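Trainee: mmCIF, C-alpha atoms and all ligand atoms, file final.cif:
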```cif
data_model
loop_
_atom_site.group_PDB
_atom_site.id
_atom_site.type_symbol
_atom_site.label_atom_id
_atom_site.label_comp_id
_atom_site.auth_asym_id
_atom_site.auth_seq_id
_atom_site.Cartn_x
_atom_site.Cartn_y
_atom_site.Cartn_z
ATOM 1 C CA MET X 1 21.076 -3.900 5.489
ATOM 2 C CA ALA X 2 18.662 -3.732 2.532
ATOM 3 C CA ALA X 3 16.760 -6.929 1.712
ATOM 4 C CA PRO X 4 18.278 -8.986 -1.140
ATOM 5 C CA VAL X 5 16.786 -8.633 -4.625
ATOM 6 C CA ILE X 6 16.717 -11.006 -7.583
ATOM 7 C CA ALA X 7 16.158 -8.925 -10.739
ATOM 8 C CA ILE X 8 14.678 -10.806 -13.691
ATOM 9 C CA ASP X 9 14.549 -8.769 -16.902
ATOM 10 C CA GLY X 10 13.778 -9.752 -20.457
ATOM 11 C CA PRO X 11 11.521 -9.206 -23.470
ATOM 12 C CA SER X 12 7.730 -9.642 -23.670
ATOM 13 C CA ALA X 13 6.354 -13.139 -23.071
ATOM 14 C CA SER X 14 9.769 -14.587 -22.203
ATOM 15 C CA GLY X 15 8.202 -16.298 -19.180
ATOM 16 C CA LYS X 16 9.661 -13.823 -16.673
ATOM 17 C CA GLY X 17 6.384 -13.432 -14.790
ATOM 18 C CA THR X 18 5.810 -17.143 -14.192
ATOM 19 C CA VAL X 19 9.463 -17.810 -13.375
ATOM 20 C CA ALA X 20 9.783 -14.804 -11.037
ATOM 21 C CA ARG X 21 6.610 -15.735 -9.137
ATOM 22 C CA GLU X 22 7.777 -19.333 -8.667
ATOM 23 C CA VAL X 23 11.286 -18.305 -7.621
ATOM 24 C CA ALA X 24 9.685 -15.969 -5.038
ATOM 25 C CA ASN X 25 7.522 -18.854 -3.767
ATOM 26 C CA ALA X 26 10.482 -21.222 -3.582
ATOM 27 C CA LEU X 27 12.541 -18.753 -1.513
ATOM 28 C CA GLY X 28 9.643 -17.251 0.500
ATOM 29 C CA PHE X 29 10.434 -13.814 -1.029
ATOM 30 C CA HIS X 30 8.074 -11.000 -2.023
ATOM 31 C CA PHE X 31 7.279 -10.578 -5.707
ATOM 32 C CA LEU X 32 7.064 -7.467 -7.902
ATOM 33 C CA ASP X 33 5.510 -7.675 -11.366
ATOM 34 C CA SER X 34 6.647 -4.222 -12.523
ATOM 35 C CA GLY X 35 5.017 -4.669 -15.944
ATOM 36 C CA ALA X 36 1.638 -4.799 -14.169
ATOM 37 C CA LEU X 37 2.218 -1.211 -13.006
ATOM 38 C CA TYR X 38 2.755 -0.017 -16.609
ATOM 39 C CA ARG X 39 -0.284 -2.055 -17.667
ATOM 40 C CA LEU X 40 -2.369 -0.418 -14.910
ATOM 41 C CA VAL X 41 -1.314 3.083 -15.973
ATOM 42 C CA ALA X 42 -2.225 2.175 -19.576
ATOM 43 C CA LEU X 43 -5.610 0.738 -18.582
ATOM 44 C CA ALA X 44 -6.469 3.750 -16.422
ATOM 45 C CA ALA X 45 -5.573 6.038 -19.357
ATOM 46 C CA LEU X 46 -7.661 3.974 -21.812
ATOM 47 C CA ASN X 47 -10.613 3.883 -19.379
ATOM 48 C CA ARG X 48 -10.519 7.657 -19.008
ATOM 49 C CA GLY X 49 -10.113 8.261 -22.736
ATOM 50 C CA VAL X 50 -6.743 9.969 -22.150
ATOM 51 C CA ASP X 51 -4.563 10.330 -25.279
ATOM 52 C CA LEU X 52 -1.484 8.114 -24.742
ATOM 53 C CA GLU X 53 0.661 10.798 -26.411
ATOM 54 C CA ASP X 54 -0.383 13.317 -23.742
ATOM 55 C CA ALA X 55 2.664 12.762 -21.508
ATOM 56 C CA SER X 56 1.617 15.047 -18.677
ATOM 57 C CA ALA X 57 -1.891 13.547 -18.383
ATOM 58 C CA VAL X 58 -0.451 9.987 -18.384
ATOM 59 C CA GLU X 59 2.175 11.010 -15.790
ATOM 60 C CA ASP X 60 -0.581 12.345 -13.522
ATOM 61 C CA ILE X 61 -2.300 8.959 -13.768
ATOM 62 C CA ALA X 62 0.963 7.140 -12.880
ATOM 63 C CA ARG X 63 1.541 9.368 -9.866
ATOM 64 C CA ASP X 64 -1.994 8.957 -8.463
ATOM 65 C CA LEU X 65 -2.612 5.298 -9.373
ATOM 66 C CA LYS X 66 -4.910 3.652 -6.781
ATOM 67 C CA VAL X 67 -3.847 0.031 -6.964
ATOM 68 C CA VAL X 68 -3.893 -2.992 -4.673
ATOM 69 C CA PHE X 69 -1.966 -6.226 -5.327
ATOM 70 C CA SER X 70 -3.338 -9.202 -3.402
ATOM 71 C CA ALA X 71 -2.157 -12.825 -3.643
ATOM 72 C CA ASP X 72 -4.215 -13.577 -6.750
ATOM 73 C CA ALA X 73 -5.831 -10.331 -7.886
ATOM 74 C CA VAL X 74 -4.972 -6.818 -9.011
ATOM 75 C CA LEU X 75 -7.426 -4.062 -8.144
ATOM 76 C CA LEU X 76 -7.534 -0.705 -9.909
ATOM 77 C CA GLU X 77 -9.631 1.920 -8.145
ATOM 78 C CA GLY X 78 -11.346 -0.934 -6.309
ATOM 79 C CA GLY X 79 -12.284 -2.970 -9.446
ATOM 80 C CA ASP X 80 -10.749 -6.385 -10.247
ATOM 81 C CA VAL X 81 -8.646 -5.944 -13.415
ATOM 82 C CA THR X 82 -6.487 -9.093 -13.094
ATOM 83 C CA ASN X 83 -7.439 -10.389 -16.557
ATOM 84 C CA THR X 84 -8.172 -7.047 -18.238
ATOM 85 C CA ILE X 85 -4.573 -5.840 -17.848
ATOM 86 C CA ARG X 86 -3.383 -8.914 -19.840
ATOM 87 C CA GLU X 87 -5.466 -8.081 -22.938
ATOM 88 C CA GLU X 88 -3.421 -7.253 -26.027
ATOM 89 C CA ARG X 89 -4.866 -3.706 -26.319
ATOM 90 C CA VAL X 90 -3.507 -3.053 -22.812
ATOM 91 C CA SER X 91 -0.140 -4.743 -23.596
ATOM 92 C CA ASN X 92 0.349 -2.435 -26.560
ATOM 93 C CA ALA X 93 -0.741 0.680 -24.656
ATOM 94 C CA ALA X 94 1.571 -0.318 -21.741
ATOM 95 C CA SER X 95 4.562 -0.419 -24.057
ATOM 96 C CA ARG X 96 3.682 3.113 -25.233
ATOM 97 C CA VAL X 97 3.216 4.639 -21.766
ATOM 98 C CA ALA X 98 6.419 2.882 -20.591
ATOM 99 C CA ALA X 99 8.365 4.989 -23.111
ATOM 100 C CA LEU X 100 7.414 8.198 -21.242
ATOM 101 C CA PRO X 101 10.254 9.228 -18.853
ATOM 102 C CA GLY X 102 7.832 10.981 -16.452
ATOM 103 C CA VAL X 103 5.794 7.796 -16.100
ATOM 104 C CA ARG X 104 8.926 5.750 -15.330
ATOM 105 C CA LYS X 105 10.001 8.307 -12.738
ATOM 106 C CA ALA X 106 6.547 8.359 -11.118
ATOM 107 C CA LEU X 107 6.619 4.561 -10.699
ATOM 108 C CA LEU X 108 10.164 4.307 -9.289
ATOM 109 C CA GLY X 109 9.381 4.815 -5.569
ATOM 110 C CA ARG X 110 6.367 2.533 -5.774
ATOM 111 C CA GLN X 111 8.550 -0.279 -7.173
ATOM 112 C CA ARG X 112 11.348 0.201 -4.606
ATOM 113 C CA ALA X 113 8.803 0.001 -1.762
ATOM 114 C CA PHE X 114 8.366 -3.710 -2.586
ATOM 115 C CA ARG X 115 11.905 -4.380 -1.318
ATOM 116 C CA GLN X 116 11.227 -5.875 2.076
ATOM 117 C CA ALA X 117 12.671 -8.684 4.213
ATOM 118 C CA PRO X 118 13.332 -11.504 3.667
ATOM 119 C CA GLY X 119 13.835 -10.529 -0.010
ATOM 120 C CA LEU X 120 12.264 -9.621 -3.337
ATOM 121 C CA VAL X 121 12.067 -11.149 -6.783
ATOM 122 C CA ALA X 122 11.303 -8.371 -9.292
ATOM 123 C CA ASP X 123 10.506 -8.880 -12.958
ATOM 124 C CA GLY X 124 10.526 -6.280 -15.723
ATOM 125 C CA ARG X 125 12.813 -4.566 -18.207
ATOM 126 C CA ASP X 126 14.961 -2.310 -16.017
ATOM 127 C CA MET X 127 14.977 -4.089 -12.658
ATOM 128 C CA GLY X 128 18.735 -4.715 -12.760
ATOM 129 C CA SER X 129 19.714 -1.537 -14.622
ATOM 130 C CA VAL X 130 17.636 1.206 -12.943
ATOM 131 C CA VAL X 131 15.285 0.133 -10.160
ATOM 132 C CA PHE X 132 17.552 -2.266 -8.214
ATOM 133 C CA PRO X 133 21.086 -1.743 -9.591
ATOM 134 C CA ASP X 134 22.502 -3.377 -6.420
ATOM 135 C CA ALA X 135 20.464 -6.603 -6.868
ATOM 136 C CA THR X 136 22.210 -9.733 -5.549
ATOM 137 C CA LEU X 137 21.417 -11.627 -8.754
ATOM 138 C CA LYS X 138 20.472 -10.231 -12.180
ATOM 139 C CA ILE X 139 19.007 -12.562 -14.773
ATOM 140 C CA PHE X 140 18.262 -11.652 -18.404
ATOM 141 C CA LEU X 141 15.650 -14.140 -19.558
ATOM 142 C CA THR X 142 15.142 -14.631 -23.287
ATOM 143 C CA ALA X 143 13.430 -17.082 -25.645
ATOM 144 C CA ASP X 144 12.994 -17.319 -29.359
ATOM 145 C CA PRO X 145 10.149 -14.913 -30.536
ATOM 146 C CA ALA X 146 8.112 -17.767 -32.109
ATOM 147 C CA GLU X 147 8.235 -19.700 -28.828
ATOM 148 C CA ARG X 148 7.233 -16.568 -26.918
ATOM 149 C CA ALA X 149 4.232 -16.080 -29.238
ATOM 150 C CA ARG X 150 3.219 -19.729 -28.639
ATOM 151 C CA ARG X 151 3.504 -19.311 -24.854
ATOM 152 C CA ARG X 152 1.462 -16.082 -24.869
ATOM 153 C CA TYR X 153 -1.165 -17.743 -27.115
ATOM 154 C CA LYS X 154 -1.501 -20.682 -24.720
ATOM 155 C CA GLN X 155 -1.732 -18.339 -21.726
ATOM 156 C CA LEU X 156 -4.512 -16.247 -23.333
ATOM 157 C CA ILE X 157 -6.522 -19.247 -24.545
ATOM 158 C CA GLU X 158 -6.333 -20.823 -21.059
ATOM 159 C CA LYS X 159 -7.792 -17.604 -19.673
ATOM 160 C CA GLY X 160 -10.633 -17.734 -22.221
ATOM 161 C CA ILE X 161 -9.262 -14.730 -24.163
ATOM 162 C CA SER X 162 -9.325 -15.238 -27.957
ATOM 163 C CA ALA X 163 -6.013 -14.789 -29.784
ATOM 164 C CA ASN X 164 -4.298 -15.160 -33.150
ATOM 165 C CA ILE X 165 -0.770 -16.553 -33.053
ATOM 166 C CA ASP X 166 0.553 -14.664 -36.120
ATOM 167 C CA ALA X 167 -0.793 -11.376 -34.809
ATOM 168 C CA LEU X 168 0.753 -12.141 -31.402
ATOM 169 C CA LEU X 169 4.159 -12.773 -32.980
ATOM 170 C CA GLU X 170 3.981 -9.480 -34.874
ATOM 171 C CA GLU X 171 2.940 -7.578 -31.740
ATOM 172 C CA ILE X 172 5.702 -9.211 -29.661
ATOM 173 C CA CYS X 173 8.300 -8.143 -32.251
ATOM 174 C CA ASP X 174 6.873 -4.584 -32.341
ATOM 175 C CA ARG X 175 6.960 -4.357 -28.531
ATOM 176 C CA ASP X 176 10.523 -5.735 -28.413
ATOM 177 C CA ALA X 177 11.567 -3.028 -30.873
ATOM 178 C CA ARG X 178 9.787 -0.247 -28.951
ATOM 179 C CA ASP X 179 11.028 -1.451 -25.526
ATOM 180 C CA SER X 180 14.634 -1.793 -26.756
ATOM 181 C CA GLN X 181 14.798 1.417 -28.766
ATOM 182 C CA ARG X 182 13.331 3.895 -26.293
ATOM 183 C CA THR X 183 15.844 6.361 -24.858
ATOM 184 C CA ASP X 184 14.830 6.037 -21.191
ATOM 185 C CA ALA X 185 15.724 2.710 -19.501
ATOM 186 C CA PRO X 186 15.578 0.596 -22.688
ATOM 187 C CA LEU X 187 15.322 -3.173 -22.479
ATOM 188 C CA GLN X 188 18.916 -4.357 -22.399
ATOM 189 C CA LYS X 189 21.082 -6.958 -20.737
ATOM 190 C CA CYS X 190 23.205 -5.317 -17.996
ATOM 191 C CA ALA X 191 26.896 -6.146 -18.066
ATOM 192 C CA ASP X 192 26.540 -7.920 -14.701
ATOM 193 C CA ALA X 193 23.411 -9.934 -15.652
ATOM 194 C CA THR X 194 23.442 -13.636 -16.487
ATOM 195 C CA GLU X 195 21.638 -14.417 -19.765
ATOM 196 C CA LEU X 196 19.354 -17.441 -19.701
ATOM 197 C CA ASP X 197 17.818 -18.577 -23.010
ATOM 198 C CA THR X 198 14.704 -20.541 -22.030
ATOM 199 C CA THR X 199 13.767 -21.790 -25.524
ATOM 200 C CA GLY X 200 12.824 -25.442 -25.082
ATOM 201 C CA MET X 201 13.263 -25.336 -21.281
ATOM 202 C CA SER X 202 10.461 -26.148 -18.836
ATOM 203 C CA VAL X 203 9.399 -23.578 -16.242
ATOM 204 C CA GLU X 204 10.599 -25.952 -13.479
ATOM 205 C CA ALA X 205 14.065 -26.182 -15.025
ATOM 206 C CA VAL X 206 14.362 -22.396 -15.352
ATOM 207 C CA VAL X 207 13.157 -21.844 -11.762
ATOM 208 C CA ALA X 208 15.621 -24.436 -10.428
ATOM 209 C CA LYS X 209 18.483 -22.753 -12.283
ATOM 210 C CA VAL X 210 17.644 -19.283 -10.953
ATOM 211 C CA VAL X 211 17.247 -20.546 -7.352
ATOM 212 C CA GLN X 212 20.554 -22.426 -7.626
ATOM 213 C CA SER X 213 22.351 -19.319 -8.978
ATOM 214 C CA TYR X 214 20.874 -17.196 -6.181
ATOM 215 C CA ASN X 215 21.852 -19.644 -3.429
ATOM 216 C CA LYS X 216 25.381 -19.807 -4.800
ATOM 217 C CA ARG X 217 25.611 -16.008 -4.972
ATOM 218 C CA ALA X 218 24.040 -15.480 -1.508
ATOM 219 C CA SER X 219 26.415 -17.986 0.113
ATOM 220 C CA LYS X 220 29.389 -15.966 -1.204
ATOM 221 C CA ALA X 221 27.971 -12.589 -0.085
ATOM 222 C CA PRO X 222 29.909 -10.887 2.733
HETATM 223 O O1 LIG R 301 6.307 -7.421 -18.573
HETATM 224 P P1 LIG R 301 5.021 -6.960 -19.272
HETATM 225 O O2 LIG R 301 4.842 -7.535 -20.648
HETATM 226 O O3 LIG R 301 3.815 -7.134 -18.413
HETATM 227 O O4 LIG R 301 5.226 -5.353 -19.455
HETATM 228 C C1 LIG R 301 4.269 -4.542 -20.070
HETATM 229 C C2 LIG R 301 4.972 -3.348 -20.743
HETATM 230 O O5 LIG R 301 5.578 -2.510 -19.749
HETATM 231 C C3 LIG R 301 6.088 -3.756 -21.711
HETATM 232 O O6 LIG R 301 5.807 -3.317 -23.024
HETATM 233 C C4 LIG R 301 7.322 -3.022 -21.245
HETATM 234 C C5 LIG R 301 6.914 -2.183 -20.094
HETATM 235 N N1 LIG R 301 7.771 -2.384 -18.929
HETATM 236 C C6 LIG R 301 8.826 -1.530 -18.774
HETATM 237 O O7 LIG R 301 9.066 -0.677 -19.609
HETATM 238 N N2 LIG R 301 9.609 -1.630 -17.660
HETATM 239 C C7 LIG R 301 9.376 -2.576 -16.744
HETATM 240 N N3 LIG R 301 10.146 -2.649 -15.674
HETATM 241 C C8 LIG R 301 8.313 -3.491 -16.924
HETATM 242 C C9 LIG R 301 7.524 -3.372 -18.042
#
```
Translate this structure into structure tokens?
Mentor:
Amino acid sequence: MAAPVIAIDGPSASGKGTVAREVANALGFHFLDSGALYRLVALAALNRGVDLEDASAVEDIARDLKVVFSADAVLLEGGDVTNTIREERVSNAASRVAALPGVRKALLGRQRAFRQAPGLVADGRDMGSVVFPDATLKIFLTADPAERARRRYKQLIEKGISANIDALLEEICDRDARDSQRTDAPLQKCADATELDTTGMSVEAVVAKVVQSYNKRASKAP
């Protein structure tokens, strides 16, 4: 039987990454940050000076991506890019390459390979709709855009990356629009996903709620 999956989808800076990682830790599950894969494709394209509108060149990059995820670092072609992939220029480029159907297709097998015993927590935009449609639990995590901009600001400043909160809010809204309006695997709440609005909630409270929902669901599974 395939390992269980918890799919956590939602818009930019909704806290999915932090919540998904902590849920994975709490349950002893593997963790997939699918957005990091789109960020890595975008960074590789930027580094090579590839035009982001050149779909076939960006698809080639996605297919041949040489990437290693370790416990606390992401390596691209052997170089540590853990912080670089979080820069706003990469966030914006990632949202553009993620709109290319060939790129999404090229990354599908790579994402599904993360599904291993005892289970996987996967965060992204289409985890529940496309990559793991049979997930045991599907969560759609949201938060008010102004709160998301504040969270992203805090995250960047803590990492020593300079940021402007108004610009962040504008970019978050632009990315939401692009991610929701693209034709291939747009950001959307699946009919069978549970929506969780995290505005004003602590990370601990959100994690506890997701773990509780999963345990309830898993105990009812055949
Ligand atoms: O989750 P994130 O902000 O790191 O994602 C970066 C970009 O990648 C975001 O603009 C949307 C895109 N993405 C996607 O299209 N599908 C996913 N499963 C994950 C991310």
Trainee: Neighbours of Asn25 (chain X) within 12 Å (all atoms listed in the file; same-chain residues fewer than 5 positions away dropped), as a CSV table (one decimal) with C-alpha atoms, in the coordinates of the input?
Mentor:
```csv
chain,number,residue,atom,x,y,z
X,18,THR,CA,5.8,-17.1,-14.2
X,19,VAL,CA,9.5,-17.8,-13.4
X,20,ALA,CA,9.8,-14.8,-11.0
X,30,HIS,CA,8.1,-11.0,-2.0
X,31,PHE,CA,7.3,-10.6,-5.7
X,71,ALA,CA,-2.2,-12.8,-3.6
X,118,PRO,CA,13.3,-11.5,3.7
X,119,GLY,CA,13.8,-10.5,0.0
X,120,LEU,CA,12.3,-9.6,-3.3
X,121,VAL,CA,12.1,-11.1,-6.8
X,207,VAL,CA,13.2,-21.8,-11.8
X,208,ALA,CA,15.6,-24.4,-10.4
X,211,VAL,CA,17.2,-20.5,-7.4
```
Trainee: Around (4.6, -9.5, -12.9) in the file's frame, which residues reach within 9 Å when counting only C-alpha atoms? Return as a list in words?
Mentor: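 These residues have at least one counted atom within 9 Å: Lys16, Gly17, Thr18, Ala20, Arg21, Phe31, Leu32, Asp33, Ser34, Gly35, Ala36, Leu37, Ala122, Asp123 and Gly124 of chain X.
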Trainee: Residues within 8 Å of ligand LIG 301 (chain R), counting all atoms listed in the file: report them as number ranges by chain.
Mentor: X: 9, 11-13, 16-17, 33-39, 86, 91-99, 104, 123-127, 175-176, 178-179, 185-187
Trainee: Could you list the residues chosen by the PyMOL selection byres (((chain X and resi 85) around 9) and not hetatm) in this structure as an MDAnalysis selection string?
Mentor: chainID X and resid 36 39:40 42:43 74 81:84 86:91
Trainee: May I have the residues from that selection written out with C-alpha atoms, as a PDB file, keeping the file's coordinate frame?
Mentor:
```
ATOM      1  CA  ALA X  36       1.638  -4.799 -14.169  1.00  0.00           C
ATOM      2  CA  ARG X  39      -0.284  -2.055 -17.667  1.00  0.00           C
ATOM      3  CA  LEU X  40      -2.369  -0.418 -14.910  1.00  0.00           C
ATOM      4  CA  ALA X  42      -2.225   2.175 -19.576  1.00  0.00           C
ATOM      5  CA  LEU X  43      -5.610   0.738 -18.582  1.00  0.00           C
ATOM      6  CA  VAL X  74      -4.972  -6.818  -9.011  1.00  0.00           C
ATOM      7  CA  VAL X  81      -8.646  -5.944 -13.415  1.00  0.00           C
ATOM      8  CA  THR X  82      -6.487  -9.093 -13.094  1.00  0.00           C
ATOM      9  CA  ASN X  83      -7.439 -10.389 -16.557  1.00  0.00           C
ATOM     10  CA  THR X  84      -8.172  -7.047 -18.238  1.00  0.00           C
ATOM     11  CA  ARG X  86      -3.383  -8.914 -19.840  1.00  0.00           C
ATOM     12  CA  GLU X  87      -5.466  -8.081 -22.938  1.00  0.00           C
ATOM     13  CA  GLU X  88      -3.421  -7.253 -26.027  1.00  0.00           C
ATOM     14  CA  ARG X  89      -4.866  -3.706 -26.319  1.00  0.00           C
ATOM     15  CA  VAL X  90      -3.507  -3.053 -22.812  1.00  0.00           C
ATOM     16  CA  SER X  91      -0.140  -4.743 -23.596  1.00  0.00           C
TER      17      SER X  91
END
```
Trainee: Quick one, how far is CA of Leu100 (chain X) from CA of Ala57 (chain X)?
Mentor: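 We find that CA of Leu100 (chain X) and CA of Ala57 (chain X) lie 11.1 Å from each other.
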Trainee: Quick one, how far is CA of Gly102 (chain X) from CA of Val58 (chain X)?
Mentor: 8.6 Å
Trainee: Between X:Arg182, X:Lys189, X:Arg110, X:Arg151, single out the one closest to Val67 (chain X), counting all atoms listed in the file.
Mentor: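 Smallest distance to Val67 (chain X) is found for X:Arg110.
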Trainee: If the PyMOL selection byres (((chain X and resi 143) around 8) and not hetatm) were run on this exact file, what residues would it hold? Put them as an MDAnalysis selection string.
Mentor: chainID X and resid 14 141:142 144:145 147:148 197:199
Trainee: Compare X:Lys105, X:Arg63, X:Arg115, X:Lys138 by their minimum atom-to-atom distance to Val210 (chain X), counting only C-alpha atoms, and give me the closest one.
Mentor: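 Once distances to Val210 (chain X) are computed over only C-alpha atoms, the minimum belongs to X:Lys138.
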Trainee: Between CA of Val131 (chain X) and CA of Gln111 (chain X), what is the spacing in Å?
Mentor: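 Spanning CA of Gln111 (chain X) to CA of Val131 (chain X) is a straight-line distance of 7.4 Å.
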Trainee: Residue by residue, what does the PyMOL selection byres (((chain X and resi 165-171) around 7) and not hetatm) grab here? Present the result as a PDB file with C-alpha atoms, in the frame of the given file.
Mentor:
```pdb
ATOM      1  CA  PRO X 145      10.149 -14.913 -30.536  1.00  0.00           C
ATOM      2  CA  ALA X 146       8.112 -17.767 -32.109  1.00  0.00           C
ATOM      3  CA  ALA X 149       4.232 -16.080 -29.238  1.00  0.00           C
ATOM      4  CA  ARG X 150       3.219 -19.729 -28.639  1.00  0.00           C
ATOM      5  CA  TYR X 153      -1.165 -17.743 -27.115  1.00  0.00           C
ATOM      6  CA  ALA X 163      -6.013 -14.789 -29.784  1.00  0.00           C
ATOM      7  CA  ASN X 164      -4.298 -15.160 -33.150  1.00  0.00           C
ATOM      8  CA  ILE X 172       5.702  -9.211 -29.661  1.00  0.00           C
ATOM      9  CA  CYS X 173       8.300  -8.143 -32.251  1.00  0.00           C
ATOM     10  CA  ASP X 174       6.873  -4.584 -32.341  1.00  0.00           C
ATOM     11  CA  ARG X 175       6.960  -4.357 -28.531  1.00  0.00           C
TER      12      ARG X 175
END
```
Trainee: Show me, as AutoDock Vina command-line options, the centre and edge lengths in Å to one decimal of the axis-aligned box that covers every listed atom of region 184-203 of chain X with 3 Å on each side.
Mentor:
```
--center_x 18.1 --center_y -10.1 --center_z -20.1 --size_x 23.5 --size_y 38.2 --size_z 16.8
```
Trainee: Applying 10 Å and only C-alpha atoms, which residues near region 216-220 of chain X remain after dropping the ones on its own chain fewer than 3 positions away? List them as number ranges by chain.
Mentor: X: 4, 136-137, 210-213
Trainee: For each of X:Val130, X:Ala205, X:Cys190, X:Ala62, take the minimum atom-to-atom distance to Arg112 (chain X), counting only C-alpha atoms, then give the residue where this is smallest.
Mentor: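 For Arg112 (chain X), the nearest of the given residues is X:Val130.
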